[in-house]
file target.txt (compact mmCIF, C-alpha atoms)
# COMPACT_ATOMS: atom_id res chain seq x y z
CA MET A 1 -8.65 24.11 -22.28
CA SER A 2 -9.68 26.51 -19.59
CA ILE A 3 -11.15 23.94 -17.23
CA GLU A 4 -8.99 20.96 -16.40
CA HIS A 5 -10.36 18.01 -14.55
CA ARG A 6 -7.91 16.12 -12.40
CA ASP A 7 -8.21 13.46 -9.75
CA ASP A 8 -4.77 12.66 -8.44
CA THR A 9 -5.96 10.42 -5.62
CA GLY A 10 -8.14 8.48 -8.07
CA ALA A 11 -5.17 8.12 -10.45
CA ARG A 12 -3.04 6.79 -7.62
CA PHE A 13 -5.70 4.37 -6.47
CA GLY A 14 -6.04 3.15 -10.07
CA MET A 15 -2.31 2.41 -10.06
CA TRP A 16 -2.63 0.52 -6.78
CA LEU A 17 -5.48 -1.55 -8.24
CA PHE A 18 -3.28 -2.43 -11.19
CA LEU A 19 -0.45 -3.37 -8.84
CA TYR A 20 -2.82 -5.70 -6.94
CA THR A 21 -3.44 -7.57 -10.20
CA GLU A 22 0.32 -7.78 -10.73
CA VAL A 23 0.68 -9.38 -7.31
CA ILE A 24 -2.05 -11.88 -8.24
CA LEU A 25 -0.10 -12.69 -11.44
CA PHE A 26 3.07 -13.41 -9.49
CA SER A 27 1.24 -15.18 -6.67
CA GLY A 28 0.23 -17.85 -9.21
CA LEU A 29 3.94 -18.51 -9.73
CA PHE A 30 4.62 -18.44 -5.99
CA LEU A 31 1.85 -21.00 -5.58
CA LEU A 32 3.44 -23.27 -8.19
CA TYR A 33 6.75 -22.84 -6.40
CA ALA A 34 5.24 -23.71 -3.01
CA MET A 35 3.56 -26.84 -4.38
CA ALA A 36 6.74 -28.04 -6.10
CA LEU A 37 8.75 -27.30 -2.94
CA ALA A 38 6.33 -29.36 -0.86
CA LYS A 39 6.67 -32.22 -3.36
CA PHE A 40 10.45 -32.14 -3.93
CA PRO A 41 12.06 -30.47 -0.89
CA ASN A 42 15.47 -32.15 -1.35
CA ASP A 43 15.69 -31.58 -5.09
CA PHE A 44 14.79 -27.94 -4.54
CA SER A 45 17.55 -27.35 -2.04
CA ASN A 46 20.07 -29.17 -4.29
CA ALA A 47 19.04 -27.03 -7.25
CA SER A 48 19.06 -23.82 -5.19
CA HIS A 49 22.66 -24.55 -4.16
CA ARG A 50 23.67 -24.36 -7.81
CA LEU A 51 22.56 -20.73 -8.03
CA ASN A 52 25.20 -18.12 -7.32
CA ILE A 53 24.22 -16.40 -4.08
CA TYR A 54 26.52 -13.44 -4.83
CA PHE A 55 24.58 -12.48 -7.95
CA GLY A 56 21.34 -12.70 -5.98
CA THR A 57 22.59 -10.66 -3.04
CA VAL A 58 24.22 -7.96 -5.18
CA ASN A 59 21.04 -7.67 -7.26
CA THR A 60 18.96 -7.33 -4.08
CA LEU A 61 21.15 -4.46 -2.88
CA VAL A 62 21.02 -2.85 -6.35
CA LEU A 63 17.20 -3.01 -6.49
CA LEU A 64 16.74 -1.74 -2.93
CA THR A 65 19.00 1.21 -3.72
CA SER A 66 17.09 1.94 -6.94
CA SER A 67 13.87 1.95 -4.91
CA LEU A 68 15.46 4.54 -2.62
CA SER A 69 16.48 6.75 -5.53
CA ILE A 70 13.04 6.73 -7.18
CA ALA A 71 11.32 7.39 -3.83
CA MET A 72 13.65 10.36 -3.35
CA ALA A 73 12.91 11.51 -6.92
CA VAL A 74 9.22 11.95 -5.96
CA THR A 75 10.14 14.07 -2.94
CA ALA A 76 12.60 16.11 -5.04
CA LEU A 77 9.89 16.85 -7.62
CA GLN A 78 7.35 17.75 -4.91
CA ARG A 79 9.88 20.28 -3.65
CA GLY A 80 10.30 21.61 -7.18
CA ARG A 81 13.90 20.50 -7.60
CA THR A 82 13.64 19.38 -11.21
CA LYS A 83 17.35 18.85 -11.83
CA LEU A 84 17.72 16.63 -8.77
CA THR A 85 14.62 14.70 -9.85
CA LEU A 86 16.23 14.00 -13.23
CA ILE A 87 19.48 12.88 -11.59
CA LEU A 88 17.58 10.52 -9.26
CA CYS A 89 15.49 9.11 -12.14
CA GLY A 90 18.72 8.58 -14.08
CA THR A 91 20.26 6.80 -11.08
CA THR A 92 17.24 4.49 -10.87
CA VAL A 93 17.38 3.59 -14.57
CA PHE A 94 21.14 3.08 -14.31
CA LEU A 95 20.69 0.69 -11.35
CA GLY A 96 17.96 -1.14 -13.28
CA ILE A 97 20.45 -1.64 -16.12
CA VAL A 98 23.09 -2.86 -13.63
CA PHE A 99 20.53 -5.37 -12.39
CA LEU A 100 19.90 -6.62 -15.93
CA ILE A 101 23.64 -6.83 -16.74
CA ASN A 102 24.14 -8.94 -13.60
CA LYS A 103 21.24 -11.13 -14.69
CA TYR A 104 22.82 -11.48 -18.15
CA PHE A 105 26.10 -12.77 -16.71
CA GLU A 106 24.30 -15.04 -14.25
CA TRP A 107 22.08 -16.59 -16.92
CA SER A 108 24.99 -16.88 -19.39
CA ALA A 109 26.93 -18.91 -16.83
CA GLU A 110 23.94 -21.16 -16.14
CA ILE A 111 23.11 -21.66 -19.80
CA GLY A 112 26.84 -22.39 -20.35
CA HIS A 113 26.51 -25.20 -17.81
CA GLY A 114 23.59 -26.62 -19.78
CA ILE A 115 20.97 -25.32 -17.36
CA TYR A 116 18.04 -23.89 -19.30
CA PRO A 117 14.44 -25.02 -19.83
CA GLY A 118 14.28 -28.06 -22.08
CA SER A 119 18.03 -28.83 -21.96
CA HIS A 120 19.35 -32.40 -22.05
CA HIS A 121 21.35 -31.73 -18.90
CA LEU A 122 18.18 -30.88 -16.94
CA ALA A 123 16.28 -33.82 -18.42
CA GLU A 124 18.86 -36.15 -16.87
CA GLN A 125 18.48 -34.56 -13.42
CA ALA A 126 15.93 -35.41 -10.75
CA PRO A 127 12.41 -34.14 -11.63
CA GLY A 128 12.47 -31.60 -8.79
CA VAL A 129 15.69 -30.02 -10.11
CA ALA A 130 14.17 -29.54 -13.56
CA ALA A 131 10.99 -28.14 -11.94
CA PHE A 132 13.07 -25.69 -9.91
CA PHE A 133 15.01 -24.38 -12.89
CA ASN A 134 11.96 -24.13 -15.15
CA LEU A 135 10.22 -22.04 -12.49
CA TYR A 136 13.41 -20.07 -11.90
CA PHE A 137 13.79 -19.07 -15.54
CA PHE A 138 10.09 -18.28 -15.99
CA THR A 139 9.56 -16.30 -12.78
CA LEU A 140 12.83 -14.37 -12.89
CA GLY A 141 12.36 -13.80 -16.61
CA LEU A 142 8.92 -12.30 -15.96
CA HIS A 143 10.43 -10.17 -13.21
CA GLY A 144 13.22 -9.07 -15.58
CA LEU A 145 10.57 -8.02 -18.10
CA HIS A 146 9.03 -5.85 -15.39
CA VAL A 147 12.43 -4.25 -14.78
CA VAL A 148 12.66 -3.38 -18.49
CA ILE A 149 9.11 -1.93 -18.51
CA GLY A 150 9.72 0.03 -15.29
CA GLY A 151 13.00 1.45 -16.61
CA THR A 152 11.31 2.51 -19.85
CA LEU A 153 8.46 4.21 -17.95
CA ILE A 154 10.90 6.10 -15.74
CA THR A 155 12.86 7.25 -18.79
CA VAL A 156 9.67 8.54 -20.46
CA VAL A 157 8.52 10.35 -17.31
CA ALA A 158 11.99 11.85 -16.83
CA ILE A 159 11.86 13.25 -20.38
CA MET A 160 8.39 14.67 -19.65
CA THR A 161 9.76 16.22 -16.46
CA ALA A 162 12.63 17.80 -18.38
CA LYS A 163 10.10 19.25 -20.85
CA GLY A 164 8.00 20.64 -17.99
CA LYS A 165 4.99 18.39 -18.51
CA VAL A 166 5.47 16.75 -15.12
CA THR A 167 6.02 19.39 -12.47
CA SER A 168 5.88 19.98 -8.74
CA GLU A 169 2.21 20.89 -9.26
CA ARG A 170 1.31 17.73 -11.17
CA TYR A 171 3.61 14.91 -10.29
CA THR A 172 1.18 11.96 -10.17
CA LEU A 173 2.71 10.43 -13.29
CA LEU A 174 6.10 10.23 -11.59
CA GLU A 175 4.46 8.98 -8.39
CA ASN A 176 2.65 6.17 -10.22
CA THR A 177 5.78 5.20 -12.13
CA ALA A 178 7.63 5.08 -8.81
CA LEU A 179 4.89 2.82 -7.41
CA TYR A 180 5.45 0.44 -10.32
CA TRP A 181 9.19 0.41 -9.69
CA HIS A 182 8.63 -0.31 -5.98
CA LEU A 183 6.46 -3.27 -6.98
CA VAL A 184 9.38 -4.65 -9.01
CA ASP A 185 11.47 -4.33 -5.86
CA LEU A 186 8.76 -5.93 -3.68
CA ILE A 187 8.54 -8.99 -5.89
CA TRP A 188 12.30 -9.39 -5.88
CA ILE A 189 12.28 -9.20 -2.05
CA PHE A 190 10.34 -12.50 -2.12
CA LEU A 191 12.05 -14.09 -5.15
CA PHE A 192 15.51 -13.64 -3.67
CA PRO A 193 15.10 -15.79 -0.50
CA LEU A 194 12.89 -18.35 -2.22
CA TYR A 195 15.25 -19.07 -5.11
CA TYR A 196 18.70 -18.26 -3.73
CA LEU A 197 18.54 -18.82 0.00
CA ILE A 198 16.52 -21.97 0.77
CA LEU A 199 18.70 -24.76 2.03
CA MET B 1 -12.46 11.21 -4.64
CA SER B 2 -11.52 14.11 -2.43
CA GLU B 3 -8.22 15.72 -3.29
CA GLN B 4 -5.45 15.08 -0.87
CA LYS B 5 -2.02 16.63 -1.18
CA HIS B 6 0.94 14.76 0.19
CA GLU B 7 3.58 16.47 2.18
CA PRO B 8 6.94 15.50 0.67
CA VAL B 9 8.54 12.74 2.72
CA PRO B 10 11.98 13.94 3.86
CA PHE B 11 15.04 12.26 2.27
CA ARG B 12 16.24 11.33 5.75
CA THR B 13 13.23 9.03 6.32
CA PHE B 14 13.85 7.25 3.03
CA ILE B 15 17.55 6.80 3.78
CA GLN B 16 16.78 5.37 7.24
CA VAL B 17 14.33 2.89 5.69
CA TRP B 18 16.93 1.97 3.04
CA ILE B 19 19.55 1.27 5.75
CA CYS B 20 17.02 -0.98 7.56
CA LEU B 21 16.40 -2.80 4.28
CA LEU B 22 20.13 -3.37 3.73
CA ILE B 23 20.55 -4.68 7.29
CA LEU B 24 17.58 -7.04 6.83
CA THR B 25 19.05 -8.30 3.54
CA VAL B 26 22.35 -9.15 5.22
CA THR B 27 20.40 -10.77 8.09
CA THR B 28 18.36 -12.97 5.77
CA VAL B 29 21.52 -14.17 3.97
CA ILE B 30 23.23 -14.99 7.29
CA VAL B 31 20.14 -16.75 8.72
CA SER B 32 19.84 -18.84 5.55
CA ARG B 33 23.39 -20.19 6.11
CA ILE B 34 22.37 -21.60 9.52
CA HIS B 35 20.60 -24.96 9.43
CA LEU B 36 17.19 -24.59 11.04
CA GLY B 37 15.31 -27.18 9.00
CA PRO B 38 11.84 -26.04 7.95
CA TRP B 39 12.29 -22.88 10.03
CA ASN B 40 14.67 -21.57 7.37
CA ILE B 41 11.84 -21.00 4.95
CA TRP B 42 9.67 -19.32 7.61
CA ALA B 43 12.55 -17.09 8.71
CA ALA B 44 13.20 -16.12 5.07
CA LEU B 45 9.51 -15.37 4.47
CA GLY B 46 9.23 -13.46 7.76
CA ILE B 47 12.17 -11.20 6.92
CA ALA B 48 10.85 -10.74 3.37
CA SER B 49 7.46 -9.70 4.78
CA LEU B 50 9.13 -7.21 7.09
CA LYS B 51 11.15 -5.78 4.19
CA SER B 52 8.10 -5.54 1.97
CA SER B 53 6.12 -3.76 4.70
CA LEU B 54 8.88 -1.15 4.92
CA VAL B 55 8.78 -0.66 1.13
CA ILE B 56 4.96 -0.48 1.02
CA PHE B 57 4.44 1.85 3.98
CA PHE B 58 7.40 4.20 3.47
CA PHE B 59 8.64 4.11 -0.15
CA MET B 60 5.13 3.65 -1.55
CA HIS B 61 3.64 6.23 0.87
CA LEU B 62 0.89 3.88 2.05
CA ARG B 63 1.34 5.37 5.53
CA HIS B 64 -0.05 8.68 4.24
CA GLU B 65 -2.79 7.29 1.99
CA MET B 66 -6.51 7.12 2.71
CA ARG B 67 -7.99 4.09 4.45
CA LEU B 68 -9.33 2.78 1.11
CA PHE B 69 -5.76 2.02 -0.06
CA LYS B 70 -5.02 0.04 3.11
CA ILE B 71 -8.27 -1.92 2.89
CA GLY B 72 -7.39 -2.73 -0.74
CA LEU B 73 -4.05 -4.18 0.33
CA LEU B 74 -5.70 -6.20 3.09
CA VAL B 75 -8.29 -7.60 0.65
CA LEU B 76 -5.47 -8.54 -1.74
CA LEU B 77 -3.55 -10.38 0.98
CA VAL B 78 -6.70 -12.25 2.07
CA ILE B 79 -7.38 -13.28 -1.55
CA VAL B 80 -3.80 -14.54 -1.98
CA ALA B 81 -3.99 -16.40 1.35
CA ILE B 82 -7.24 -18.08 0.26
CA PHE B 83 -5.65 -19.07 -3.08
CA ILE B 84 -2.69 -20.66 -1.39
CA GLY B 85 -4.62 -22.15 1.53
CA VAL B 86 -7.30 -23.81 -0.59
CA THR B 87 -4.73 -25.14 -3.08
CA PHE B 88 -2.68 -26.69 -0.29
CA PHE B 89 -5.79 -28.16 1.26
CA ASP B 90 -6.15 -30.08 -2.00
CA VAL B 91 -2.47 -30.90 -2.61
CA LEU B 92 -1.59 -32.06 0.91
CA TYR B 93 -4.63 -34.32 1.49
CA ARG B 94 -4.83 -36.05 -1.87
call {"tool": "encode", "arguments": {"input": "target.txt", "output": "structure tokens"}}
result
Amino acid sequence: MSIEHRDDTGARFGMWLFLYTEVILFSGLFLLYAMALAKFPNDFSNASHRLNIYFGTVNTLVLLTSSLSIAMAVTALQRGRTKLTLILCGTTVFLGIVFLINKYFEWSAEIGHGIYPGSHHLAEQAPGVAAFFNLYFFTLGLHGLHVVIGGTLITVVAIMTAKGKVTSERYTLLENTALYWHLVDLIWIFLFPLYYLIL
Amino acid sequence: MSEQKHEPVPFRTFIQVWICLLILTVTTVIVSRIHLGPWNIWAALGIASLKSSLVIFFFMHLRHEMRLFKIGLLVLLVIVAIFIGVTFFDVLYR
């Protein structure tokens, strides 16, 4: 292994290309949302009122802060401050877990009220309300899955950093993982107003 | 592709962007509590677009990337706009 071939810019662009496909995946769901909103505007605002805005707002602040910590982790690694990088990665994963715990309580409360896809309670509601909650559980569930994947990736990269496999000389792996985490944040930036804030 | 090293972005820049994001979040919640009719959804989407631009250009370093990355993003946005536009052309005029 005397000659090593690396293309950091290419690796980063590959990650961006993957993220574009992720946006296309979610834009299908945004499209469904927009069509259902155009069809049932009143039902959508009634259903949206039943979501707890505090959970949504707190989770937005948590995700934005986690995006800050992972962005800072990249800078810390570029400057060769490994210990700080690990602390910042840990902070990001911790905030991701806080996000999921919030989501757990939020969904528990809703399921406790009989709001979940296929429930009798929703079947008795107006069609737009059922459409809203079906989309809500699917889209936010898919987003939650991305939070789990992102948190796992950050944990793996943090372990590799601790072992010296990701260093200030070769940090693209951390950079790409951070890009993925920012995408999770980006999608939430749109999900939050659409599901929690429309009147 | 030609190799291109990034200068580390100072923590201060990231923290300033984060503060802007927090302020915009509070703003979007407040604006949503005011009745503006259909403008509510456009205000919410406008603020969300502003927030996402901050994340993309600063946190995701797009500001420092080659032009190819920016063209890629533009192409993506055009594709999504065509998706949504063409679908609505069908749905609204049925």
call {"tool": "closest_atom_pairs", "arguments": {"input": "target.txt", "of": "chain B", "to": "chain A", "cutoff": "6 Å", "atoms": "only C-alpha atoms", "output": "JSON lines"}}
result
{"residue": "B:Pro8", "atom": "CA", "partner": "A:Thr75", "partner_atom": "CA", "distance": 5.0}
{"residue": "B:Ser32", "atom": "CA", "partner": "A:Leu197", "partner_atom": "CA", "distance": 5.7}
{"residue": "B:Ala44", "atom": "CA", "partner": "A:Pro193", "partner_atom": "CA", "distance": 5.9}
{"residue": "B:Ala48", "atom": "CA", "partner": "A:Phe190", "partner_atom": "CA", "distance": 5.8}
{"residue": "B:Ser52", "atom": "CA", "partner": "A:Leu186", "partner_atom": "CA", "distance": 5.7}
{"residue": "B:Phe59", "atom": "CA", "partner": "A:Ala71", "partner_atom": "CA", "distance": 5.6}
{"residue": "B:Met60", "atom": "CA", "partner": "A:Leu179", "partner_atom": "CA", "distance": 5.9}
call {"tool": "atom_distance", "arguments": {"input": "target.txt", "atom1": "CA of Ile97 in chain A", "atom2": "CA of Val157 in chain A"}}
result
17.0 Å
call {"tool": "atom_distance", "arguments": {"input": "target.txt", "atom1": "CA of Thr152 in chain A", "atom2": "CA of Val62 in chain A"}}
result
17.5 Å
call {"tool": "axis_aligned_box", "arguments": {"input": "target.txt", "around": "range 99-111 of chain A", "padding_each_side": "5 Å", "output": "JSON"}}
result
{"center_x": 23.4, "center_y": -13.5, "center_z": -16.1, "size_x": 17.0, "size_y": 26.3, "size_z": 17.4}
call {"tool": "atom_distance", "arguments": {"input": "target.txt", "atom1": "CA of Val31 in chain B", "atom2": "CA of Val58 in chain A"}}
result
16.9 Å
